[in-house]
Amino acid sequence: MALDDIYTTLIMEESRSEHNKGDLDDPDYKELGHNPSCGDEITLQIKMDDDTLKDLSYTGVGCAISQASTSIMIDTVRGKTREEAIHLADTFINMIKGVAITEEEEDELEDAMAFEGVSKLPARVKCAVLPWYTLKNILEA
């Protein structure tokens, strides 16, 4: 199985997964992210413990890429500090925009590297970055 096939399988499986979907009890932040060009919509919820993202979840609808990107983002930033999560969001967004990232940054992104090929699909870029920009809107406010 080629690497692209493994990544495609991961994205499809994650888009159907329910493990990060749902409402948190009493979230500290709740932010709507919407992509009007294709209808993707997520509501990201975060529970903080001081400066650490203790728990996250989302609700919403959209294409496989937006839903998988949201779920994988949650797995990637859960337990990180605000600063670490913003760094990861910036790294992911740069990768999707075709900006070269370091090997260390690739390692930091973990499963989110599955979206690297999206940079070659301009129509899907907004789908992949939607949750990451939503996260930045919350954390940089």
# chains A, B, ... in the order shown; residues from 1 in each chain; ligands from 1

$ residues_around --residues "segment 17-28 of chain A" --least-positions-apart "6" --cutoff "6 Å" --atoms "only C-alpha atoms" --output "list in words"
Gln45, Ile46, Lys47, Ser57, Tyr58, Thr59 and Ser71 of chain A

$ select_by_dssp --residues "chain A" --states "strand (DSSP E or B)" --output "compact mmCIF listing (two decimals) with N, CA and C atoms, in the first residue's frame"
# COMPACT_ATOMS: atom_id res chain seq x y z
N LYS A 21 -16.28 13.71 18.69
CA LYS A 21 -17.52 14.43 18.43
C LYS A 21 -18.40 14.48 19.66
N TYR A 29 -14.42 27.50 26.12
CA TYR A 29 -14.53 28.17 24.82
C TYR A 29 -15.40 27.34 23.90
N LYS A 30 -16.16 28.06 23.08
CA LYS A 30 -17.01 27.42 22.08
C LYS A 30 -17.02 28.37 20.88
N GLU A 31 -16.54 27.89 19.74
CA GLU A 31 -16.38 28.77 18.58
C GLU A 31 -16.86 28.07 17.32
N LEU A 32 -17.66 28.79 16.53
CA LEU A 32 -18.14 28.28 15.26
C LEU A 32 -17.10 28.57 14.18
N GLY A 33 -16.76 27.56 13.42
CA GLY A 33 -15.93 27.72 12.23
C GLY A 33 -16.76 27.34 11.03
N HIS A 34 -16.80 28.21 10.02
CA HIS A 34 -17.70 27.98 8.89
C HIS A 34 -16.97 28.30 7.59
N ASN A 35 -17.14 27.44 6.61
CA ASN A 35 -16.56 27.64 5.29
C ASN A 35 -17.73 27.83 4.31
N ASP A 40 -18.88 23.48 4.89
CA ASP A 40 -18.30 22.86 6.08
C ASP A 40 -18.57 23.75 7.29
N GLU A 41 -18.95 23.13 8.38
CA GLU A 41 -19.24 23.89 9.59
C GLU A 41 -18.88 23.04 10.81
N ILE A 42 -18.09 23.62 11.70
CA ILE A 42 -17.75 22.93 12.94
C ILE A 42 -17.94 23.90 14.11
N THR A 43 -18.27 23.36 15.25
CA THR A 43 -18.25 24.13 16.49
C THR A 43 -17.24 23.45 17.38
N LEU A 44 -16.14 24.16 17.63
CA LEU A 44 -15.05 23.63 18.43
C LEU A 44 -15.26 24.04 19.87
N GLN A 45 -15.09 23.08 20.79
CA GLN A 45 -15.26 23.34 22.21
C GLN A 45 -13.97 22.95 22.93
N ILE A 46 -13.54 23.82 23.85
CA ILE A 46 -12.30 23.57 24.58
C ILE A 46 -12.52 23.77 26.07
N LYS A 47 -11.98 22.85 26.83
CA LYS A 47 -11.94 22.94 28.30
C LYS A 47 -10.47 23.12 28.66
N MET A 48 -10.17 24.22 29.36
CA MET A 48 -8.79 24.55 29.73
C MET A 48 -8.51 24.13 31.18
N ASP A 49 -7.25 23.87 31.44
CA ASP A 49 -6.75 23.68 32.81
C ASP A 49 -5.56 24.61 32.90
N THR A 52 -3.36 24.93 29.73
CA THR A 52 -3.31 23.68 28.97
C THR A 52 -4.69 23.33 28.41
N LEU A 53 -4.69 22.86 27.16
CA LEU A 53 -5.93 22.41 26.54
C LEU A 53 -6.23 21.02 27.10
N LYS A 54 -7.07 21.00 28.12
CA LYS A 54 -7.36 19.76 28.84
C LYS A 54 -8.21 18.82 28.01
N ASP A 55 -9.26 19.35 27.40
CA ASP A 55 -10.13 18.52 26.58
C ASP A 55 -10.73 19.35 25.47
N LEU A 56 -11.01 18.70 24.35
CA LEU A 56 -11.61 19.36 23.20
C LEU A 56 -12.61 18.41 22.58
N SER A 57 -13.60 18.99 21.93
CA SER A 57 -14.54 18.19 21.14
C SER A 57 -15.13 19.10 20.08
N TYR A 58 -15.91 18.49 19.18
CA TYR A 58 -16.55 19.30 18.15
C TYR A 58 -17.87 18.68 17.74
N THR A 59 -18.69 19.53 17.18
CA THR A 59 -19.90 19.09 16.50
C THR A 59 -19.87 19.75 15.14
N GLY A 60 -20.58 19.21 14.20
CA GLY A 60 -20.62 19.85 12.90
C GLY A 60 -20.81 18.88 11.77
N VAL A 61 -20.85 19.46 10.59
CA VAL A 61 -21.05 18.70 9.36
C VAL A 61 -20.09 19.23 8.31
N THR A 81 -0.02 23.11 25.70
CA THR A 81 -0.26 24.47 26.19
C THR A 81 -0.84 25.32 25.06

$ closest_residue --among "A:Val118, A:Ile96, A:Ile74, A:Met12" --to "Thr134 of chain A" --atoms "only C-alpha atoms"
A:Ile74

$ select_by_dssp --residues "chain A" --states "helix (DSSP H, G or I)" --output "count of residues only"
79

$ closest_residue --among "A:Cys63, A:Ala112, A:Ala128, A:Ile72" --to "Lys97 of chain A" --atoms "only C-alpha atoms"
A:Ala128

$ residues_around --residues "Arg16 of chain A" --least-positions-apart "4" --cutoff "9 Å" --atoms "only C-alpha atoms" --output "ChimeraX atom specification"
/A:11-12,64,67-68

$ residues_around --residues "Leu139 of chain A" --least-positions-apart "5" --cutoff "9 Å" --atoms "only C-alpha atoms" --output "tab-separated table (two decimals) with C-alpha atoms, in the first residue's frame"
chain	number	residue	atom	x	y	z
A	82	ARG	CA	-1.90	27.41	24.45
A	83	GLU	CA	1.49	28.38	22.93
A	85	ALA	CA	-1.24	24.55	20.15
A	86	ILE	CA	-0.85	27.86	18.31
A	134	THR	CA	-10.99	28.12	14.44

$ atom_distance --atom1 "atom CA of Tyr133 of chain A" --atom2 "atom CA of Asp5 of chain A"
26.6 Å

$ closest_residue --among "A:Val99, A:Ile65, A:Met73, A:Cys38" --to "Asp111 of chain A" --atoms "only C-alpha atoms"
A:Met73

$ closest_atom_pairs --of "segment 43-99 of chain A" --to "segment 104-110 of chain A" --cutoff "8 Å" --atoms "only C-alpha atoms" --output "tab-separated table"
residue	atom	partner	partner_atom	distance
A:Thr76	CA	A:Leu109	CA	6.8
A:Leu88	CA	A:Leu109	CA	6.7
A:Thr91	CA	A:Glu105	CA	6.9
A:Phe92	CA	A:Leu109	CA	7.1

$ closest_residue --among "A:Asn137, A:Ile93, A:Gly62, A:Thr70" --to "Glu14 of chain A" --atoms "only C-alpha atoms"
A:Thr70

$ decode --residues "segment 19-42 of chain A" --atoms "N, CA, C and O atoms" --output "CSV table (one decimal), in the first residue's frame"
chain,number,residue,atom,x,y,z
A,19,HIS,N,-15.1,9.6,17.9
A,19,HIS,CA,-14.4,9.7,19.2
A,19,HIS,C,-14.1,11.1,19.7
A,19,HIS,O,-14.0,11.3,20.9
A,20,ASN,N,-14.1,12.1,18.8
A,20,ASN,CA,-13.9,13.5,19.3
A,20,ASN,C,-15.2,14.4,19.1
A,20,ASN,O,-15.2,15.6,19.3
A,21,LYS,N,-16.3,13.7,18.7
A,21,LYS,CA,-17.5,14.4,18.4
A,21,LYS,C,-18.4,14.5,19.7
A,21,LYS,O,-18.4,13.6,20.5
A,22,GLY,N,-19.1,15.6,19.8
A,22,GLY,CA,-20.1,15.7,20.9
A,22,GLY,C,-19.8,17.0,21.6
A,22,GLY,O,-19.0,17.8,21.3
A,23,ASP,N,-20.6,17.2,22.7
A,23,ASP,CA,-20.5,18.4,23.5
A,23,ASP,C,-19.8,18.2,24.7
A,23,ASP,O,-20.0,17.1,25.4
A,24,LEU,N,-18.9,19.1,25.1
A,24,LEU,CA,-18.2,19.0,26.4
A,24,LEU,C,-19.2,19.6,27.5
A,24,LEU,O,-20.0,20.5,27.2
A,25,ASP,N,-19.1,19.1,28.7
A,25,ASP,CA,-19.8,19.7,29.8
A,25,ASP,C,-19.1,21.0,30.2
A,25,ASP,O,-17.9,21.0,30.5
A,26,ASP,N,-19.8,22.1,30.1
A,26,ASP,CA,-19.3,23.4,30.5
A,26,ASP,C,-17.9,23.8,29.9
A,26,ASP,O,-17.0,24.0,30.6
A,27,PRO,N,-17.9,23.9,28.6
A,27,PRO,CA,-16.6,24.3,28.0
A,27,PRO,C,-16.2,25.7,28.3
A,27,PRO,O,-17.1,26.5,28.5
A,28,ASP,N,-14.9,26.0,28.3
A,28,ASP,CA,-14.4,27.3,28.5
A,28,ASP,C,-14.5,28.2,27.3
A,28,ASP,O,-14.7,29.4,27.3
A,29,TYR,N,-14.4,27.5,26.1
A,29,TYR,CA,-14.5,28.2,24.8
A,29,TYR,C,-15.4,27.3,23.9
A,29,TYR,O,-15.4,26.1,23.9
A,30,LYS,N,-16.2,28.1,23.1
A,30,LYS,CA,-17.0,27.4,22.1
A,30,LYS,C,-17.0,28.4,20.9
A,30,LYS,O,-17.4,29.5,21.0
A,31,GLU,N,-16.5,27.9,19.7
A,31,GLU,CA,-16.4,28.8,18.6
A,31,GLU,C,-16.9,28.1,17.3
A,31,GLU,O,-16.5,26.9,17.0
A,32,LEU,N,-17.7,28.8,16.5
A,32,LEU,CA,-18.1,28.3,15.3
A,32,LEU,C,-17.1,28.6,14.2
A,32,LEU,O,-16.6,29.7,14.1
A,33,GLY,N,-16.8,27.6,13.4
A,33,GLY,CA,-15.9,27.7,12.2
A,33,GLY,C,-16.8,27.3,11.0
A,33,GLY,O,-17.4,26.3,11.0
A,34,HIS,N,-16.8,28.2,10.0
A,34,HIS,CA,-17.7,28.0,8.9
A,34,HIS,C,-17.0,28.3,7.6
A,34,HIS,O,-16.3,29.3,7.5
A,35,ASN,N,-17.1,27.4,6.6
A,35,ASN,CA,-16.6,27.6,5.3
A,35,ASN,C,-17.7,27.8,4.3
A,35,ASN,O,-18.3,26.8,3.8
A,36,PRO,N,-18.1,29.1,4.0
A,36,PRO,CA,-19.3,29.3,3.2
A,36,PRO,C,-19.2,28.8,1.8
A,36,PRO,O,-20.2,28.5,1.1
A,37,SER,N,-17.9,28.6,1.3
A,37,SER,CA,-17.8,28.2,-0.1
A,37,SER,C,-18.2,26.7,-0.3
A,37,SER,O,-18.5,26.4,-1.4
A,38,CYS,N,-18.1,25.9,0.8
A,38,CYS,CA,-18.5,24.5,0.6
A,38,CYS,C,-19.5,24.0,1.6
A,38,CYS,O,-20.0,22.9,1.5
A,39,GLY,N,-19.8,24.8,2.6
A,39,GLY,CA,-20.8,24.4,3.6
A,39,GLY,C,-20.2,23.7,4.8
A,39,GLY,O,-21.0,23.3,5.7
A,40,ASP,N,-18.9,23.5,4.9
A,40,ASP,CA,-18.3,22.9,6.1
A,40,ASP,C,-18.6,23.7,7.3
A,40,ASP,O,-18.4,25.0,7.2
A,41,GLU,N,-19.0,23.1,8.4
A,41,GLU,CA,-19.2,23.9,9.6
A,41,GLU,C,-18.9,23.0,10.8
A,41,GLU,O,-19.3,21.9,10.9
A,42,ILE,N,-18.1,23.6,11.7
A,42,ILE,CA,-17.7,22.9,12.9
A,42,ILE,C,-17.9,23.9,14.1
A,42,ILE,O,-17.8,25.1,13.9
